[in-house]
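As provided, query.cif (mmCIF, C-alpha atoms) reads as follows.
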```cif
data_coords
#
loop_
_atom_site.label_atom_id
_atom_site.label_comp_id
_atom_site.auth_asym_id
_atom_site.auth_seq_id
_atom_site.Cartn_x
_atom_site.Cartn_y
_atom_site.Cartn_z
CA SER B 1 -31.11 -142.24 -95.66
CA MET B 2 -33.12 -140.01 -93.34
CA THR B 3 -31.35 -141.32 -90.25
CA ASN B 4 -27.90 -140.57 -91.68
CA LEU B 5 -29.04 -137.09 -92.71
CA ILE B 6 -30.32 -136.37 -89.20
CA ASP B 7 -27.06 -137.61 -87.68
CA MET B 8 -25.06 -135.45 -90.09
CA VAL B 9 -26.97 -132.37 -88.96
CA MET B 10 -27.17 -133.08 -85.21
CA VAL B 11 -24.27 -135.22 -84.00
CA ASN B 12 -21.40 -132.74 -84.16
CA SER B 13 -23.36 -129.91 -82.55
CA ARG B 14 -24.67 -132.13 -79.72
CA LEU B 15 -21.19 -133.51 -79.03
CA ALA B 16 -19.86 -129.96 -78.95
CA ALA B 17 -22.59 -129.09 -76.43
CA ILE B 18 -20.96 -131.47 -73.93
CA GLY B 19 -18.03 -129.05 -73.78
CA THR B 20 -15.25 -131.58 -73.16
CA TYR B 21 -14.44 -132.68 -76.73
CA THR B 22 -12.10 -130.96 -79.12
CA ALA B 23 -12.96 -130.57 -82.79
CA GLU B 24 -10.62 -133.44 -83.65
CA GLU B 25 -12.24 -135.75 -81.09
CA ILE B 26 -15.71 -134.89 -82.39
CA ASP B 27 -14.61 -135.68 -85.95
CA ALA B 28 -13.14 -138.98 -84.74
CA LEU B 29 -16.38 -139.99 -82.97
CA TYR B 30 -18.48 -139.05 -85.98
CA GLY B 31 -16.12 -141.06 -88.16
CA GLN B 32 -16.64 -144.11 -85.94
CA LEU B 33 -20.40 -143.71 -86.41
CA THR B 34 -20.44 -143.29 -90.18
CA GLY B 35 -17.34 -145.21 -91.24
CA LYS B 36 -17.57 -148.20 -88.91
CA TYR B 37 -21.03 -148.61 -87.35
CA VAL B 38 -23.07 -147.66 -90.42
CA THR B 39 -20.85 -149.71 -92.73
CA LEU B 40 -20.88 -152.89 -90.64
CA SER B 41 -24.54 -152.72 -89.64
CA THR B 42 -25.77 -152.31 -93.21
CA MET B 43 -23.66 -155.06 -94.77
CA PRO B 44 -25.84 -157.99 -93.54
CA VAL B 45 -28.96 -156.10 -94.62
CA ALA B 46 -27.94 -156.19 -98.29
CA ILE B 47 -29.47 -159.67 -98.60
CA SER B 48 -32.78 -158.60 -97.06
CA THR B 49 -32.82 -155.54 -99.32
CA ALA B 50 -32.52 -157.80 -102.37
CA LEU B 51 -35.22 -160.06 -100.91
CA ALA B 52 -37.53 -157.08 -100.39
CA THR B 53 -37.05 -156.03 -104.01
CA ALA B 54 -37.77 -159.54 -105.26
CA VAL B 55 -40.89 -160.05 -103.15
CA ILE B 56 -42.76 -156.97 -104.44
CA PRO B 57 -43.97 -158.39 -107.81
CA SER B 58 -44.69 -161.80 -106.30
CA ILE B 59 -46.93 -160.42 -103.56
CA ALA B 60 -48.51 -157.89 -105.92
CA GLY B 61 -49.49 -160.69 -108.31
CA SER B 62 -51.09 -162.69 -105.52
CA VAL B 63 -52.98 -159.61 -104.29
CA VAL B 64 -54.37 -158.95 -107.77
CA ARG B 65 -55.53 -162.58 -108.03
CA LYS B 66 -57.02 -162.29 -104.51
CA GLU B 67 -54.95 -165.23 -103.26
CA HIS B 68 -55.00 -164.08 -99.65
CA GLU B 69 -53.64 -167.29 -98.15
CA LEU B 70 -50.75 -167.23 -100.61
CA VAL B 71 -50.00 -163.61 -99.71
CA GLN B 72 -49.85 -164.60 -96.04
CA ALA B 73 -47.56 -167.53 -96.88
CA LYS B 74 -45.19 -165.28 -98.84
CA VAL B 75 -45.05 -162.74 -96.01
CA ASP B 76 -44.30 -165.55 -93.55
CA THR B 77 -41.52 -166.89 -95.77
CA THR B 78 -39.85 -163.52 -96.23
CA LEU B 79 -39.98 -162.84 -92.48
CA ARG B 80 -38.48 -166.23 -91.68
CA LEU B 81 -35.64 -165.68 -94.14
CA THR B 82 -35.06 -162.22 -92.71
CA MET B 83 -34.84 -163.62 -89.18
CA ILE B 84 -32.46 -166.37 -90.30
CA ILE B 85 -30.14 -163.75 -91.80
CA SER B 86 -30.40 -160.82 -89.42
CA ILE B 87 -30.46 -162.39 -85.96
CA PRO B 88 -27.20 -164.37 -86.37
CA ALA B 89 -25.59 -161.28 -87.91
CA ALA B 90 -26.70 -159.15 -84.96
CA ILE B 91 -25.44 -161.68 -82.41
CA GLY B 92 -22.12 -161.96 -84.25
CA LEU B 93 -21.63 -158.19 -84.31
CA GLY B 94 -22.63 -157.89 -80.68
CA ALA B 95 -20.24 -160.61 -79.53
CA LEU B 96 -17.31 -159.89 -81.84
CA GLY B 97 -17.66 -156.18 -82.61
CA PRO B 98 -14.27 -155.06 -81.21
CA GLN B 99 -12.48 -158.04 -82.76
CA ILE B 100 -14.03 -157.32 -86.16
CA LEU B 101 -12.89 -153.71 -85.98
CA GLN B 102 -9.40 -154.85 -84.95
CA MET B 103 -9.28 -157.09 -88.01
CA LEU B 104 -10.65 -154.49 -90.45
CA PHE B 105 -9.01 -151.39 -88.97
CA PRO B 106 -5.87 -152.60 -87.17
CA ASN B 107 -4.49 -149.08 -86.69
CA TYR B 108 -7.82 -147.42 -85.79
CA SER B 109 -9.91 -150.04 -84.00
CA ASP B 110 -11.87 -147.71 -81.71
CA GLY B 111 -15.65 -147.96 -81.73
CA GLY B 112 -16.26 -151.50 -80.54
CA MET B 113 -18.94 -150.35 -78.09
CA LEU B 114 -20.82 -148.67 -80.93
CA ILE B 115 -20.97 -151.99 -82.78
CA ARG B 116 -22.08 -153.91 -79.70
CA VAL B 117 -24.81 -151.48 -78.69
CA GLY B 118 -26.02 -151.02 -82.26
CA SER B 119 -25.93 -154.68 -83.30
CA ILE B 120 -29.66 -155.10 -82.57
CA SER B 121 -30.37 -152.43 -85.18
CA VAL B 122 -29.38 -154.97 -87.85
CA VAL B 123 -32.57 -156.91 -87.08
CA PHE B 124 -34.83 -153.86 -87.15
CA LEU B 125 -33.19 -152.46 -90.29
CA ALA B 126 -33.70 -155.78 -92.09
CA LEU B 127 -37.32 -155.91 -90.94
CA SER B 128 -37.97 -152.34 -92.06
CA GLN B 129 -36.57 -153.19 -95.51
CA ILE B 130 -38.82 -156.22 -95.75
CA SER B 131 -41.83 -154.26 -94.52
CA THR B 132 -41.24 -151.72 -97.28
CA GLY B 133 -41.34 -154.47 -99.90
CA VAL B 134 -44.45 -156.08 -98.43
CA LEU B 135 -46.35 -152.80 -98.18
CA GLN B 136 -45.50 -151.89 -101.75
CA GLY B 137 -46.53 -155.37 -102.86
CA VAL B 138 -49.98 -155.07 -101.30
CA GLY B 139 -50.51 -151.66 -102.90
CA LYS B 140 -49.69 -149.36 -99.95
CA VAL B 141 -46.93 -147.50 -101.77
CA ASN B 142 -47.13 -144.38 -99.60
CA ALA B 143 -47.01 -146.22 -96.26
CA PRO B 144 -43.22 -146.87 -96.24
CA ALA B 145 -42.52 -143.17 -96.79
CA TRP B 146 -44.83 -142.19 -93.94
CA ASN B 147 -43.31 -144.85 -91.67
CA ALA B 148 -39.82 -143.53 -92.44
CA LEU B 149 -40.98 -139.98 -91.74
CA TRP B 150 -42.51 -140.82 -88.36
CA GLY B 151 -39.48 -142.93 -87.44
CA SER B 152 -37.16 -140.05 -88.30
CA ILE B 153 -39.24 -137.65 -86.22
CA ALA B 154 -38.99 -140.08 -83.29
CA LYS B 155 -35.20 -140.17 -83.71
CA ILE B 156 -34.66 -136.41 -83.36
CA PRO B 157 -35.47 -135.93 -79.64
CA VAL B 158 -33.61 -139.11 -78.69
CA ASN B 159 -30.57 -137.80 -80.57
CA TYR B 160 -30.87 -134.38 -78.96
CA PHE B 161 -30.94 -135.56 -75.35
CA LEU B 162 -28.76 -138.70 -75.39
CA ILE B 163 -25.79 -137.45 -77.42
CA ALA B 164 -25.33 -134.50 -75.05
CA ILE B 165 -24.91 -136.86 -72.05
CA PRO B 166 -21.13 -137.31 -71.56
CA GLU B 167 -21.41 -140.96 -70.51
CA ILE B 168 -23.39 -141.82 -73.66
CA ASN B 169 -22.15 -139.32 -76.30
CA ILE B 170 -22.00 -140.87 -79.79
CA ILE B 171 -23.75 -144.04 -78.63
CA GLY B 172 -26.91 -141.92 -78.39
CA ALA B 173 -26.99 -141.73 -82.19
CA VAL B 174 -26.89 -145.53 -82.39
CA ILE B 175 -29.70 -145.87 -79.84
CA SER B 176 -31.84 -143.34 -81.68
CA THR B 177 -31.29 -145.15 -84.99
CA THR B 178 -32.44 -148.43 -83.45
CA ASP B 179 -35.45 -146.63 -82.00
CA CYS B 180 -36.26 -145.16 -85.43
CA GLN B 181 -36.08 -148.52 -87.21
CA SER B 182 -38.13 -150.32 -84.58
CA PHE B 183 -40.75 -147.57 -84.83
CA GLU B 184 -40.91 -148.06 -88.60
CA PHE B 185 -41.53 -151.79 -88.23
CA GLN B 186 -44.16 -151.28 -85.53
CA SER B 187 -45.96 -148.94 -87.93
CA PHE B 188 -45.85 -151.74 -90.51
CA ASN B 189 -47.38 -154.19 -88.03
CA LYS B 190 -50.25 -151.82 -87.28
CA GLY B 191 -50.95 -150.95 -90.91
CA ASN B 192 -50.62 -154.43 -92.40
CA ARG B 193 -53.49 -156.92 -92.44
CA CYS B 194 -51.21 -159.95 -92.60
CA LYS B 195 -50.36 -161.66 -89.31
CA THR B 196 -46.60 -161.69 -89.01
CA GLY B 197 -45.94 -164.04 -86.06
CA LEU B 198 -42.65 -162.22 -85.66
CA CYS B 199 -42.00 -163.17 -82.03
CA TRP B 200 -42.49 -166.85 -82.84
CA TYR B 201 -40.02 -166.72 -85.74
CA ALA B 202 -37.49 -164.82 -83.64
CA CYS B 203 -37.76 -167.26 -80.72
CA LYS B 204 -37.29 -170.26 -83.00
CA THR B 205 -34.24 -168.68 -84.65
CA ILE B 206 -32.64 -167.79 -81.31
CA TYR B 207 -33.34 -171.30 -79.97
CA CYS B 208 -31.65 -172.87 -82.99
CA LEU B 209 -28.66 -170.56 -82.58
CA ASN B 210 -28.32 -171.49 -78.90
CA TYR B 211 -28.64 -175.20 -79.71
CA ASN B 212 -25.98 -174.99 -82.42
CA GLY B 213 -23.72 -173.03 -80.07
CA CYS B 214 -24.02 -175.68 -77.38
CA VAL B 215 -23.32 -178.48 -79.86
#
```

Let's see the structure in the file written out as C-alpha coordinates.
Amino acid sequence: SMTNLIDMVMVNSRLAAIGTYTAEEIDALYGQLTGKYVTLSTMPVAISTALATAVIPSIAGSVVRKEHELVQAKVDTTLRLTMIISIPAAIGLGALGPQILQMLFPNYSDGGMLIRVGSISVVFLALSQISTGVLQGVGKVNAPAWNALWGSIAKIPVNYFLIAIPEINIIGAVISTTDCQSFEFQSFNKGNRCKTGLCWYACKTIYCLNYNGCV
(Lines of atoms letter the chains of each structure in order from A and count residues from 1; the text may use other names and numbers.)
(Lines give C-alpha, C1' and ligand atoms only; values in the text may rest on other atoms or scores of the structure.)
Protein backbone atom coordinates (compact mmCIF):
# COMPACT_ATOMS: atom_id res chain seq x y z
CA SER A 1 0.00 0.00 0.00
CA MET A 2 0.96 3.66 -0.24
CA THR A 3 1.46 3.96 3.51
CA ASN A 4 3.85 1.00 3.61
CA LEU A 5 5.78 2.40 0.65
CA ILE A 6 6.15 5.77 2.36
CA ASP A 7 7.34 4.09 5.56
CA MET A 8 9.84 2.00 3.61
CA VAL A 9 11.33 5.15 2.10
CA MET A 10 11.26 7.42 5.18
CA VAL A 11 11.46 5.44 8.42
CA ASN A 12 15.09 4.33 8.38
CA SER A 13 16.43 7.73 7.35
CA ARG A 14 14.37 9.60 9.97
CA LEU A 15 15.42 7.18 12.71
CA ALA A 16 19.04 7.66 11.64
CA ALA A 17 18.52 11.43 11.90
CA ILE A 18 18.00 11.04 15.65
CA GLY A 19 21.67 10.06 15.91
CA THR A 20 21.40 7.64 18.84
CA TYR A 21 20.43 4.42 17.05
CA THR A 22 22.79 1.95 15.47
CA ALA A 23 21.99 0.32 12.13
CA GLU A 24 20.96 -2.87 13.93
CA GLU A 25 18.59 -0.99 16.25
CA ILE A 26 17.02 0.83 13.30
CA ASP A 27 16.47 -2.47 11.50
CA ALA A 28 14.91 -3.92 14.66
CA LEU A 29 12.49 -0.98 15.03
CA TYR A 30 11.51 -1.14 11.37
CA GLY A 31 10.96 -4.87 11.76
CA GLN A 32 8.60 -4.23 14.68
CA LEU A 33 6.63 -1.85 12.46
CA THR A 34 6.33 -4.07 9.40
CA GLY A 35 6.46 -7.55 10.91
CA LYS A 36 4.33 -7.01 14.01
CA TYR A 37 2.22 -3.84 13.84
CA VAL A 38 1.28 -4.07 10.16
CA THR A 39 0.58 -7.81 10.40
CA LEU A 40 -1.61 -7.63 13.50
CA SER A 41 -3.47 -4.46 12.54
CA THR A 42 -4.44 -5.76 9.10
CA MET A 43 -5.63 -9.20 10.21
CA PRO A 44 -9.04 -8.03 11.57
CA VAL A 45 -9.55 -5.92 8.45
CA ALA A 46 -9.61 -8.99 6.20
CA ILE A 47 -13.32 -9.45 6.96
CA SER A 48 -14.17 -5.83 6.12
CA THR A 49 -12.14 -6.12 2.92
CA ALA A 50 -14.23 -9.10 1.86
CA LEU A 51 -17.38 -7.19 2.85
CA ALA A 52 -16.30 -4.19 0.76
CA THR A 53 -15.77 -6.44 -2.26
CA ALA A 54 -19.17 -8.06 -1.82
CA VAL A 55 -21.07 -4.80 -1.38
CA ILE A 56 -19.94 -3.23 -4.68
CA PRO A 57 -22.32 -5.09 -7.06
CA SER A 58 -25.20 -4.90 -4.60
CA ILE A 59 -24.98 -1.12 -4.21
CA ALA A 60 -24.29 -0.63 -7.91
CA GLY A 61 -27.47 -2.54 -8.79
CA SER A 62 -29.55 -0.41 -6.44
CA VAL A 63 -28.02 2.78 -7.85
CA VAL A 64 -28.88 1.74 -11.41
CA ARG A 65 -32.47 1.01 -10.36
CA LYS A 66 -32.55 4.37 -8.52
CA GLU A 67 -33.47 2.68 -5.24
CA HIS A 68 -32.01 5.45 -3.10
CA GLU A 69 -33.50 4.31 0.19
CA LEU A 70 -32.15 0.81 -0.40
CA VAL A 71 -28.70 2.22 -1.14
CA GLN A 72 -28.81 4.09 2.17
CA ALA A 73 -29.91 0.93 3.98
CA LYS A 74 -27.05 -1.08 2.47
CA VAL A 75 -24.50 1.57 3.43
CA ASP A 76 -25.89 1.60 6.98
CA THR A 77 -25.67 -2.19 7.21
CA THR A 78 -22.09 -2.36 5.98
CA LEU A 79 -21.03 0.38 8.40
CA ARG A 80 -22.70 -1.38 11.32
CA LEU A 81 -21.00 -4.66 10.47
CA THR A 82 -17.68 -2.86 10.13
CA MET A 83 -18.09 -1.27 13.56
CA ILE A 84 -19.05 -4.60 15.12
CA ILE A 85 -15.85 -6.16 13.76
CA SER A 86 -13.30 -3.37 14.00
CA ILE A 87 -14.03 -1.71 17.35
CA PRO A 88 -13.74 -4.90 19.46
CA ALA A 89 -10.59 -5.82 17.52
CA ALA A 90 -9.08 -2.40 18.20
CA ILE A 91 -9.94 -2.56 21.91
CA GLY A 92 -8.50 -6.07 22.15
CA LEU A 93 -5.23 -5.05 20.50
CA GLY A 94 -5.00 -1.93 22.63
CA ALA A 95 -5.57 -3.82 25.88
CA LEU A 96 -3.64 -7.01 25.11
CA GLY A 97 -1.03 -5.89 22.57
CA PRO A 98 2.08 -6.86 24.60
CA GLN A 99 0.52 -10.17 25.68
CA ILE A 100 -0.37 -11.03 22.08
CA LEU A 101 3.19 -10.34 20.98
CA GLN A 102 4.50 -12.45 23.86
CA MET A 103 2.31 -15.32 22.70
CA LEU A 104 3.17 -15.00 18.99
CA PHE A 105 6.83 -14.00 19.34
CA PRO A 106 8.01 -15.42 22.68
CA ASN A 107 11.68 -14.74 21.96
CA TYR A 108 11.19 -11.30 20.34
CA SER A 109 8.17 -9.73 22.02
CA ASP A 110 9.23 -6.07 21.74
CA GLY A 111 6.80 -3.63 20.15
CA GLY A 112 3.83 -3.77 22.49
CA MET A 113 3.56 0.02 22.58
CA LEU A 114 3.33 0.10 18.79
CA ILE A 115 0.31 -2.21 18.93
CA ARG A 116 -1.36 -0.21 21.69
CA VAL A 117 -0.88 3.18 20.05
CA GLY A 118 -1.81 1.88 16.60
CA SER A 119 -4.82 -0.20 17.63
CA ILE A 120 -7.23 2.62 16.72
CA SER A 121 -5.95 2.42 13.15
CA VAL A 122 -7.81 -0.89 12.81
CA VAL A 123 -11.10 1.03 12.91
CA PHE A 124 -10.02 3.64 10.36
CA LEU A 125 -8.46 1.05 8.06
CA ALA A 126 -11.67 -0.99 8.08
CA LEU A 127 -13.73 2.14 7.39
CA SER A 128 -11.46 3.18 4.53
CA GLN A 129 -11.86 -0.28 2.98
CA ILE A 130 -15.63 -0.05 3.25
CA SER A 131 -15.65 3.50 1.89
CA THR A 132 -13.73 2.28 -1.15
CA GLY A 133 -16.39 -0.35 -1.83
CA VAL A 134 -19.26 2.09 -1.34
CA LEU A 135 -17.74 4.75 -3.60
CA GLN A 136 -17.09 2.23 -6.34
CA GLY A 137 -20.63 0.92 -5.95
CA VAL A 138 -22.18 4.36 -6.47
CA GLY A 139 -20.04 4.95 -9.55
CA LYS A 140 -17.27 7.14 -8.09
CA VAL A 141 -14.46 4.81 -9.12
CA ASN A 142 -11.75 7.48 -9.09
CA ALA A 143 -12.60 8.86 -5.64
CA PRO A 144 -10.89 6.08 -3.61
CA ALA A 145 -7.63 6.62 -5.50
CA TRP A 146 -7.75 10.37 -4.87
CA ASN A 147 -8.60 9.81 -1.20
CA ALA A 148 -5.63 7.45 -0.84
CA LEU A 149 -3.39 9.99 -2.56
CA TRP A 150 -4.41 12.87 -0.29
CA GLY A 151 -4.15 10.64 2.78
CA SER A 152 -0.64 9.60 1.77
CA ILE A 153 0.37 13.21 1.24
CA ALA A 154 -0.94 14.02 4.73
CA LYS A 155 1.16 11.16 6.15
CA ILE A 156 4.51 12.42 4.84
CA PRO A 157 5.02 15.52 7.04
CA VAL A 158 3.74 13.69 10.13
CA ASN A 159 6.27 10.93 9.44
CA TYR A 160 9.05 13.43 8.86
CA PHE A 161 8.66 15.34 12.11
CA LEU A 162 7.45 12.69 14.58
CA ILE A 163 9.86 9.85 13.77
CA ALA A 164 12.85 12.15 14.33
CA ILE A 165 11.71 12.91 17.92
CA PRO A 166 13.66 10.51 20.19
CA GLU A 167 10.77 10.02 22.63
CA ILE A 168 8.42 9.02 19.80
CA ASN A 169 10.70 7.42 17.15
CA ILE A 170 9.00 4.51 15.34
CA ILE A 171 5.64 5.26 16.96
CA GLY A 172 5.50 8.32 14.71
CA ALA A 173 4.99 6.02 11.72
CA VAL A 174 2.01 4.42 13.46
CA ILE A 175 0.50 7.82 14.29
CA SER A 176 0.95 9.02 10.71
CA THR A 177 -0.69 5.86 9.35
CA THR A 178 -3.72 6.41 11.58
CA ASP A 179 -3.83 10.03 10.45
CA CYS A 180 -3.69 8.92 6.80
CA GLN A 181 -6.54 6.42 7.17
CA SER A 182 -8.75 8.82 9.11
CA PHE A 183 -8.16 11.44 6.42
CA GLU A 184 -9.24 8.96 3.75
CA PHE A 185 -12.50 8.23 5.55
CA GLN A 186 -13.22 11.91 6.16
CA SER A 187 -12.80 12.46 2.42
CA PHE A 188 -15.37 9.70 1.89
CA ASN A 189 -17.82 11.41 4.25
CA LYS A 190 -17.50 14.70 2.38
CA GLY A 191 -17.81 13.18 -1.07
CA ASN A 192 -20.62 10.71 -0.37
CA ARG A 193 -24.28 11.69 -0.47
CA CYS A 194 -25.37 8.93 1.90
CA LYS A 195 -25.70 9.83 5.57
CA THR A 196 -23.46 7.48 7.50
CA GLY A 197 -24.46 8.05 11.15
CA LEU A 198 -21.01 6.76 12.04
CA CYS A 199 -20.80 8.29 15.52
CA TRP A 200 -24.13 6.74 16.48
CA TYR A 201 -23.04 3.27 15.33
CA ALA A 202 -19.71 3.61 17.12
CA CYS A 203 -21.34 4.76 20.38
CA LYS A 204 -23.81 1.87 20.33
CA THR A 205 -21.02 -0.65 19.68
CA ILE A 206 -18.84 0.73 22.48
CA TYR A 207 -21.82 0.76 24.87
CA CYS A 208 -22.55 -2.89 24.12
CA LEU A 209 -18.89 -3.79 24.65
CA ASN A 210 -18.84 -2.01 28.03
CA TYR A 211 -22.10 -3.69 29.06
CA ASN A 212 -20.81 -7.14 28.11
CA GLY A 213 -17.54 -6.42 29.93
CA CYS A 214 -19.38 -5.49 33.11
CA VAL A 215 -21.60 -8.58 32.92

With all atoms listed in the file as the basis for distance, which of B:Pro144, B:Pro44, B:Gly139, B:Gly151 is at the shortest distance from B:Val64?
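Counting all atoms listed in the file, the residue closest to B:Val64 is B:Gly139.
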
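The closest residue to B:Ala60, picked from B:Asp110, B:Lys36, B:Thr20, B:Leu135 and counting only C-alpha atoms, is B:Leu135.
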
List the residues selected by the PyMOL selection byres ((chain B and resi 101) around 10) in the file shown, writing them as a PyMOL selection string.
chain B and resi 36-37+40+93+96-100+102-112+115

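Taking atom CA of B:Asp76 and atom CA of B:Leu51 as the two end points, the separation is 12.9 Å.
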
Do you know which residues lie at most 7 Å from (-22.7, -146.0, -84.8), with coordinates as in the file and all atoms listed in the file counted, and could you write them as a PyMOL selection string?
chain B and resi 32-34+36-38+114-115+118+171+173-174

Might you spell out which residues the PyMOL selection byres ((chain B and resi 89) around 12) would select in the displayed file, as a PDB file with C-alpha atoms, in the frame of the given file?
```pdb
ATOM      1  CA  LEU B  40     -20.880-152.890 -90.640  1.00  0.00           C
ATOM      2  CA  SER B  41     -24.540-152.720 -89.640  1.00  0.00           C
ATOM      3  CA  THR B  42     -25.770-152.310 -93.210  1.00  0.00           C
ATOM      4  CA  MET B  43     -23.660-155.060 -94.770  1.00  0.00           C
ATOM      5  CA  PRO B  44     -25.840-157.990 -93.540  1.00  0.00           C
ATOM      6  CA  VAL B  45     -28.960-156.100 -94.620  1.00  0.00           C
ATOM      7  CA  ALA B  46     -27.940-156.190 -98.290  1.00  0.00           C
ATOM      8  CA  ILE B  47     -29.470-159.670 -98.600  1.00  0.00           C
ATOM      9  CA  SER B  48     -32.780-158.600 -97.060  1.00  0.00           C
ATOM     10  CA  THR B  82     -35.060-162.220 -92.710  1.00  0.00           C
ATOM     11  CA  MET B  83     -34.840-163.620 -89.180  1.00  0.00           C
ATOM     12  CA  ILE B  84     -32.460-166.370 -90.300  1.00  0.00           C
ATOM     13  CA  ILE B  85     -30.140-163.750 -91.800  1.00  0.00           C
ATOM     14  CA  SER B  86     -30.400-160.820 -89.420  1.00  0.00           C
ATOM     15  CA  ILE B  87     -30.460-162.390 -85.960  1.00  0.00           C
ATOM     16  CA  PRO B  88     -27.200-164.370 -86.370  1.00  0.00           C
ATOM     17  CA  ALA B  90     -26.700-159.150 -84.960  1.00  0.00           C
ATOM     18  CA  ILE B  91     -25.440-161.680 -82.410  1.00  0.00           C
ATOM     19  CA  GLY B  92     -22.120-161.960 -84.250  1.00  0.00           C
ATOM     20  CA  LEU B  93     -21.630-158.190 -84.310  1.00  0.00           C
ATOM     21  CA  GLY B  94     -22.630-157.890 -80.680  1.00  0.00           C
ATOM     22  CA  ALA B  95     -20.240-160.610 -79.530  1.00  0.00           C
ATOM     23  CA  LEU B  96     -17.310-159.890 -81.840  1.00  0.00           C
ATOM     24  CA  GLY B  97     -17.660-156.180 -82.610  1.00  0.00           C
ATOM     25  CA  ILE B 115     -20.970-151.990 -82.780  1.00  0.00           C
ATOM     26  CA  ARG B 116     -22.080-153.910 -79.700  1.00  0.00           C
ATOM     27  CA  GLY B 118     -26.020-151.020 -82.260  1.00  0.00           C
ATOM     28  CA  SER B 119     -25.930-154.680 -83.300  1.00  0.00           C
ATOM     29  CA  ILE B 120     -29.660-155.100 -82.570  1.00  0.00           C
ATOM     30  CA  SER B 121     -30.370-152.430 -85.180  1.00  0.00           C
ATOM     31  CA  VAL B 122     -29.380-154.970 -87.850  1.00  0.00           C
ATOM     32  CA  VAL B 123     -32.570-156.910 -87.080  1.00  0.00           C
ATOM     33  CA  PHE B 124     -34.830-153.860 -87.150  1.00  0.00           C
ATOM     34  CA  LEU B 125     -33.190-152.460 -90.290  1.00  0.00           C
ATOM     35  CA  ALA B 126     -33.700-155.780 -92.090  1.00  0.00           C
ATOM     36  CA  THR B 205     -34.240-168.680 -84.650  1.00  0.00           C
ATOM     37  CA  ILE B 206     -32.640-167.790 -81.310  1.00  0.00           C
ATOM     38  CA  LEU B 209     -28.660-170.560 -82.580  1.00  0.00           C
TER      39      LEU B 209
END
```

Closest atom pairs, stretch 102-176 of chain B residues within 10 Å of stretch 68-71 of chain B, all atoms listed in the file, as a tab-separated table:
```
residue	atom	partner	partner_atom	distance
B:Val134	CA	B:Val71	CA	9.4
B:Gly137	CA	B:Val71	CA	9.5
B:Val138	CA	B:Val71	CA	8.7
```

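Checking B:Leu79, B:Cys180, B:Ile163, B:Ile170 one by one against B:Tyr30, counting all atoms listed in the file, you find the shortest gap at B:Ile170.
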
Have a look at atom CA of B:Ala73 and atom CA of B:Gln181 and let me know their distance in Å, one decimal.
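According to the coordinates, atom CA of B:Ala73 and atom CA of B:Gln181 are separated by 24.2 Å.
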
Rounded to one decimal in Å, what is the spacing between atom CA of B:Ala17 and atom CA of B:Leu5?
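Computed distance, atom CA of B:Ala17 to atom CA of B:Leu5, equals 19.3 Å.
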
Would you list the residues near (-19.8, -134.5, -73.2), meaning any protein, DNA or RNA residue with an atom at most 6 Å from that point in file coordinates, counting only C-alpha atoms, as JSON, numbers by chain?
{"B": [18, 19, 20, 164, 165, 166]}

Nearest residue to B:Thr53 out of B:Phe185, B:Glu167, B:Ile130, B:Arg65, using all atoms listed in the file?
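Smallest distance to B:Thr53 is found for B:Ile130.
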
List as an NGL selection string the protein and nucleic acid residues near B:Asp7, meaning an atom at most 9 Å away when all atoms listed in the file are counted, but skip any in the same chain fewer than 2 places from it.
:B and (2-5 or 9-12 or 30 or 156 or 159 or 173)

Using all atoms listed in the file, pick whichever of B:Val63, B:Met8, B:Arg80, B:Leu162 has the shortest atom-to-atom distance to B:Lys140.
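Among the listed residues, B:Val63 lies closest to B:Lys140.
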
Could you list, as number ranges by chain, every residue within 7 Å of B:Lys155, counting all atoms listed in the file and ignoring same-chain residues fewer than 6 positions away?
B: 176-177, 179-180
